[in-house]
$ cat data.tsv   # TSV, C-alpha atoms
chain	number	residue	atom	x	y	z
V	1	MET	CA	63.21	27.16	67.58
V	2	GLU	CA	60.48	25.03	66.03
V	3	LEU	CA	60.58	23.59	62.51
V	4	LYS	CA	57.78	25.93	61.40
V	5	ASP	CA	59.77	28.96	62.60
V	6	CYS	CA	62.87	27.80	60.73
V	7	VAL	CA	60.91	27.37	57.51
V	8	PHE	CA	59.27	30.78	57.93
V	9	GLU	CA	62.67	32.44	58.39
V	10	LEU	CA	64.02	30.60	55.34
V	11	VAL	CA	61.09	31.83	53.21
V	12	ARG	CA	61.56	35.40	54.48
V	13	PHE	CA	65.28	35.22	53.69
V	14	ARG	CA	64.69	33.90	50.16
V	15	LEU	CA	62.17	36.65	49.43
V	16	ALA	CA	64.47	39.33	50.85
V	17	HIS	CA	67.33	37.95	48.77
V	18	LYS	CA	65.16	38.26	45.65
V	19	ARG	CA	64.19	41.78	46.81
V	20	VAL	CA	60.50	41.13	46.43
V	21	SER	CA	57.53	41.60	48.67
V	22	VAL	CA	54.62	39.24	48.06
V	23	PRO	CA	51.71	38.12	50.21
V	24	LEU	CA	52.59	34.97	52.11
V	25	LYS	CA	49.82	32.43	52.64
V	26	GLU	CA	50.05	30.26	55.75
V	27	THR	CA	48.31	27.04	56.75
V	28	ASN	CA	48.95	24.58	59.59
V	29	SER	CA	51.55	22.76	57.51
V	30	SER	CA	52.77	25.14	54.80
V	31	PHE	CA	53.70	28.57	53.55
V	32	SER	CA	53.13	29.57	49.95
V	33	TYR	CA	53.36	32.53	47.62
V	34	ASP	CA	53.08	33.31	43.93
V	35	LEU	CA	55.87	35.11	42.13
V	36	LYS	CA	55.89	35.96	38.43
V	37	GLY	CA	53.19	33.40	37.68
V	38	VAL	CA	54.93	30.57	39.55
V	39	SER	CA	53.56	29.02	42.73
V	40	TYR	CA	56.09	28.35	45.52
V	41	GLN	CA	55.07	25.97	48.32
V	42	TYR	CA	56.98	25.24	51.52
V	43	PHE	CA	55.56	22.26	53.41
V	44	PHE	CA	56.82	21.33	56.87
V	45	SER	CA	56.36	18.28	59.06
V	46	ASP	CA	58.55	16.60	61.65
V	47	VAL	CA	58.09	13.30	59.79
V	48	LEU	CA	58.83	13.00	56.08
V	49	SER	CA	56.00	11.87	53.82
V	50	ILE	CA	55.53	11.77	50.07
V	51	PRO	CA	54.31	15.19	48.93
V	52	SER	CA	52.00	15.98	46.07
V	53	CYS	CA	52.35	19.53	44.94
V	54	THR	CA	52.37	21.79	41.93
V	55	GLY	CA	54.79	24.54	41.08
V	56	VAL	CA	58.05	24.81	42.96
V	57	CYS	CA	57.84	22.65	46.07
V	58	PHE	CA	60.01	22.54	49.18
V	59	TYR	CA	59.35	19.94	51.87
V	60	ALA	CA	61.02	20.53	55.23
V	61	CYS	CA	61.33	17.81	57.85
V	62	LEU	CA	63.59	17.03	60.78
V	63	ASN	CA	67.01	15.56	60.09
V	64	THR	CA	66.43	12.17	61.73
V	65	PRO	CA	67.66	8.68	60.80
V	66	GLU	CA	64.01	7.63	60.34
V	67	ASN	CA	63.36	10.37	57.78
V	68	ILE	CA	66.55	9.49	55.92
V	69	ALA	CA	65.54	5.81	55.84
V	70	PHE	CA	62.06	6.77	54.58
V	71	LEU	CA	63.59	8.81	51.74
V	72	VAL	CA	65.84	5.93	50.67
V	73	GLU	CA	63.06	3.33	50.90
V	74	ASN	CA	60.64	5.47	48.86
V	75	TRP	CA	63.19	7.11	46.57
V	76	ASP	CA	61.22	6.65	43.33
V	77	ALA	CA	58.16	8.42	44.79
V	78	PHE	CA	60.28	11.52	45.43
V	79	LEU	CA	61.49	11.85	41.83
V	80	GLN	CA	59.16	14.76	41.17
V	81	ASP	CA	59.89	17.83	39.07
V	82	ARG	CA	60.76	20.94	41.08
V	83	LEU	CA	60.83	19.19	44.47
V	84	THR	CA	63.51	19.97	47.04
V	85	ILE	CA	63.60	18.29	50.44
V	86	LEU	CA	65.08	20.18	53.38
V	87	PHE	CA	66.33	18.15	56.34
V	88	MET	CA	66.52	20.57	59.25
V	89	ASN	CA	67.83	20.67	62.79
V	90	PRO	CA	66.11	23.69	64.36
V	91	SER	CA	68.08	23.52	67.61
V	92	VAL	CA	71.35	24.34	65.79
V	93	ASN	CA	69.70	26.27	62.91
V	94	MET	CA	71.23	24.06	60.22
V	95	PHE	CA	69.86	22.13	57.28
V	96	TRP	CA	70.88	20.24	54.19
V	97	LYS	CA	68.82	19.85	51.06
V	98	ILE	CA	68.40	17.48	48.18
V	99	ALA	CA	66.52	17.70	44.89
V	100	PRO	CA	65.81	14.00	44.26
V	101	LYS	CA	65.16	14.27	40.52
V	102	SER	CA	68.44	16.14	39.94
V	103	HIS	CA	70.32	13.88	42.35
V	104	ALA	CA	69.09	10.80	40.48
V	105	LEU	CA	70.66	12.13	37.27
V	106	ILE	CA	74.16	12.36	38.78
V	107	SER	CA	74.23	9.41	41.18
V	108	ASP	CA	74.06	5.66	40.82
V	109	ALA	CA	71.48	3.46	42.53
V	110	GLU	CA	74.09	1.21	44.15
V	111	THR	CA	75.50	4.00	46.33
V	112	LEU	CA	72.29	5.98	46.88
V	113	GLU	CA	71.87	5.16	50.56
V	114	GLN	CA	75.54	5.72	51.34
V	115	GLY	CA	75.53	9.08	49.54
V	116	ILE	CA	72.39	10.33	51.24
V	117	ARG	CA	73.65	9.25	54.67
V	118	SER	CA	76.90	11.08	53.98
V	119	LEU	CA	74.96	14.27	53.19
V	120	ALA	CA	72.74	13.84	56.25
V	121	GLU	CA	75.69	13.51	58.62
V	122	GLN	CA	76.81	17.05	57.74
V	123	VAL	CA	74.01	18.34	60.00
V	124	PRO	CA	73.56	16.91	63.52
V	125	PHE	CA	70.61	14.53	63.82
V	126	VAL	CA	67.66	15.71	65.89
$ encode --input "data.tsv" --output "structure tokens"
Amino acid sequence: MELKDCVFELVRFRLAHKRVSVPLKETNSSFSYDLKGVSYQYFFSDVLSIPSCTGVCFYACLNTPENIAFLVENWDAFLQDRLTILFMNPSVNMFWKIAPKSHALISDAETLEQGIRSLAEQVPFV
């Protein structure tokens, strides 16, 4: 299964769980929908980059050591409201997620890399 397919299934599941049916907009690198006046965006890319989005934002990338290192190196740029990063392994249909702004409130900077690596190891690297 490709990353895009995993993200699409996740979006479908979340909408079914909420018991809503809304039009889903698709581009080459994202899915989005509006629900009760709130915009939800699901971006996907094999390689993590710093997103700029409005509304509720999910950014899915592959669970690789390079993406984990990029997150740690650019941590401050990811401290955005309503951003959740999904690190996925499509071949085993598993992922882990982190909301950097919330995580920053409960963690200390000295153990940031160790903590993120510990989370990442819960899902096999791609």
$ closest_residue --input "data.tsv" --among "V:Ala60, V:Leu105, V:Ile68, V:Ile116" --to "Glu2 of chain V" --atoms "all atoms listed in the file"
V:Ala60
$ closest_residue --input "data.tsv" --among "V:Gln114, V:Gln41, V:Ser32, V:Thr84" --to "Cys53 of chain V" --atoms "all atoms listed in the file"
V:Gln41
$ closest_residue --input "data.tsv" --among "V:Met94, V:Ala120, V:Gly55, V:Ser102" --to "Val72 of chain V" --atoms "all atoms listed in the file"
V:Ala120
$ atom_distance --input "data.tsv" --atom1 "atom CA of Asp108 of chain V" --atom2 "atom CA of Glu73 of chain V"
15.1 Å
$ closest_residue --input "data.tsv" --among "V:Ile50, V:Val56, V:Ala109, V:Ala16" --to "Tyr33 of chain V" --atoms "only C-alpha atoms"
V:Val56
$ residues_around --input "data.tsv" --residues "Arg117 of chain V" --least-positions-apart "2" --cutoff "12 Å" --atoms "all atoms listed in the file" --output "ChimeraX atom specification"
/V:63-72,87,96,98,111-115,119-125
$ atom_distance --input "data.tsv" --atom1 "atom CA of Ser91 of chain V" --atom2 "atom CA of Ser29 of chain V"
19.4 Å
$ closest_residue --input "data.tsv" --among "V:Phe95, V:Lys4, V:Ser49, V:Arg14" --to "Asn28 of chain V" --atoms "only C-alpha atoms"
V:Lys4
$ atom_distance --input "data.tsv" --atom1 "atom CA of Lys97 of chain V" --atom2 "atom CA of Pro51 of chain V"
15.4 Å
$ closest_residue --input "data.tsv" --among "V:Glu26, V:Val126, V:His103, V:Phe44" --to "Pro90 of chain V" --atoms "only C-alpha atoms"
V:Val126
$ residues_around --input "data.tsv" --residues "Cys57 of chain V" --least-positions-apart "3" --cutoff "9 Å" --atoms "all atoms listed in the file" --output "list in words"
Ser39, Tyr40, Gln41, Tyr42, Phe43, Pro51, Ser52, Cys53, Thr54, Asp81, Arg82, Leu83, Thr84 and Ile85 of chain V
$ write_last_selection --input "data.tsv" --atoms "C-alpha atoms" --output "JSON list (two decimals), in the frame of the given file"
[["chain", "number", "residue", "atom", "x", "y", "z"],
["V", 39, "SER", "CA", 53.56, 29.02, 42.73],
["V", 40, "TYR", "CA", 56.09, 28.35, 45.52],
["V", 41, "GLN", "CA", 55.07, 25.97, 48.32],
["V", 42, "TYR", "CA", 56.98, 25.24, 51.52],
["V", 43, "PHE", "CA", 55.56, 22.26, 53.41],
["V", 51, "PRO", "CA", 54.31, 15.19, 48.93],
["V", 52, "SER", "CA", 52.00, 15.98, 46.07],
["V", 53, "CYS", "CA", 52.35, 19.53, 44.94],
["V", 54, "THR", "CA", 52.37, 21.79, 41.93],
["V", 81, "ASP", "CA", 59.89, 17.83, 39.07],
["V", 82, "ARG", "CA", 60.76, 20.94, 41.08],
["V", 83, "LEU", "CA", 60.83, 19.19, 44.47],
["V", 84, "THR", "CA", 63.51, 19.97, 47.04],
["V", 85, "ILE", "CA", 63.60, 18.29, 50.44]]
$ closest_atom_pairs --input "data.tsv" --of "segment 69-126 of chain V" --to "segment 6-9 of chain V" --cutoff "9 Å" --atoms "all atoms listed in the file" --output "CSV"
residue,atom,partner,partner_atom,distance
V:Met88,CA,V:Cys6,CA,8.2
V:Asn89,CA,V:Cys6,CA,8.9
V:Pro90,CA,V:Cys6,CA,6.4
V:Asn93,CA,V:Cys6,CA,7.3
$ decode --input "data.tsv" --residues "segment 69-110 of chain V" --atoms "C-alpha atoms" --output "PDB file, in the first residue's frame"
ATOM      1  CA  ALA V  69      16.122  13.632  12.383  1.00  0.00           C
ATOM      2  CA  PHE V  70      14.507  16.416  10.321  1.00  0.00           C
ATOM      3  CA  LEU V  71      11.749  16.816  12.925  1.00  0.00           C
ATOM      4  CA  VAL V  72      14.256  17.065  15.780  1.00  0.00           C
ATOM      5  CA  GLU V  73      16.541  19.483  13.896  1.00  0.00           C
ATOM      6  CA  ASN V  74      13.632  21.773  12.952  1.00  0.00           C
ATOM      7  CA  TRP V  75      11.524  21.276  16.069  1.00  0.00           C
ATOM      8  CA  ASP V  76      10.677  24.960  16.604  1.00  0.00           C
ATOM      9  CA  ALA V  77       9.275  25.287  13.065  1.00  0.00           C
ATOM     10  CA  PHE V  78       6.762  22.518  13.828  1.00  0.00           C
ATOM     11  CA  LEU V  79       5.325  24.208  16.920  1.00  0.00           C
ATOM     12  CA  GLN V  80       2.181  25.225  15.068  1.00  0.00           C
ATOM     13  CA  ASP V  81      -1.351  25.275  16.439  1.00  0.00           C
ATOM     14  CA  ARG V  82      -3.498  22.324  15.388  1.00  0.00           C
ATOM     15  CA  LEU V  83      -0.694  20.426  13.628  1.00  0.00           C
ATOM     16  CA  THR V  84      -0.312  16.672  13.999  1.00  0.00           C
ATOM     17  CA  ILE V  85       2.430  14.726  12.246  1.00  0.00           C
ATOM     18  CA  LEU V  86       1.798  11.108  11.282  1.00  0.00           C
ATOM     19  CA  PHE V  87       4.824   8.869  10.747  1.00  0.00           C
ATOM     20  CA  MET V  88       3.573   5.914   8.719  1.00  0.00           C
ATOM     21  CA  ASN V  89       4.810   2.545   7.546  1.00  0.00           C
ATOM     22  CA  PRO V  90       2.374   1.558   4.773  1.00  0.00           C
ATOM     23  CA  SER V  91       3.822  -1.934   4.329  1.00  0.00           C
ATOM     24  CA  VAL V  92       2.694  -2.956   7.843  1.00  0.00           C
ATOM     25  CA  ASN V  93      -0.235  -0.491   8.032  1.00  0.00           C
ATOM     26  CA  MET V  94       1.038   1.157  11.222  1.00  0.00           C
ATOM     27  CA  PHE V  95       1.716   4.723  12.272  1.00  0.00           C
ATOM     28  CA  TRP V  96       2.507   6.873  15.256  1.00  0.00           C
ATOM     29  CA  LYS V  97       1.622  10.513  15.648  1.00  0.00           C
ATOM     30  CA  ILE V  98       2.812  13.569  17.475  1.00  0.00           C
ATOM     31  CA  ALA V  99       1.316  17.016  18.002  1.00  0.00           C
ATOM     32  CA  PRO V 100       4.503  19.078  18.428  1.00  0.00           C
ATOM     33  CA  LYS V 101       2.912  22.061  20.183  1.00  0.00           C
ATOM     34  CA  SER V 102       1.237  19.820  22.778  1.00  0.00           C
ATOM     35  CA  HIS V 103       4.332  17.637  23.105  1.00  0.00           C
ATOM     36  CA  ALA V 104       6.468  20.716  23.794  1.00  0.00           C
ATOM     37  CA  LEU V 105       4.253  21.584  26.763  1.00  0.00           C
ATOM     38  CA  ILE V 106       4.850  18.243  28.506  1.00  0.00           C
ATOM     39  CA  SER V 107       8.437  17.425  27.546  1.00  0.00           C
ATOM     40  CA  ASP V 108      11.811  18.974  28.225  1.00  0.00           C
ATOM     41  CA  ALA V 109      14.236  20.084  25.530  1.00  0.00           C
ATOM     42  CA  GLU V 110      17.118  18.003  26.902  1.00  0.00           C
TER      43      GLU V 110
END
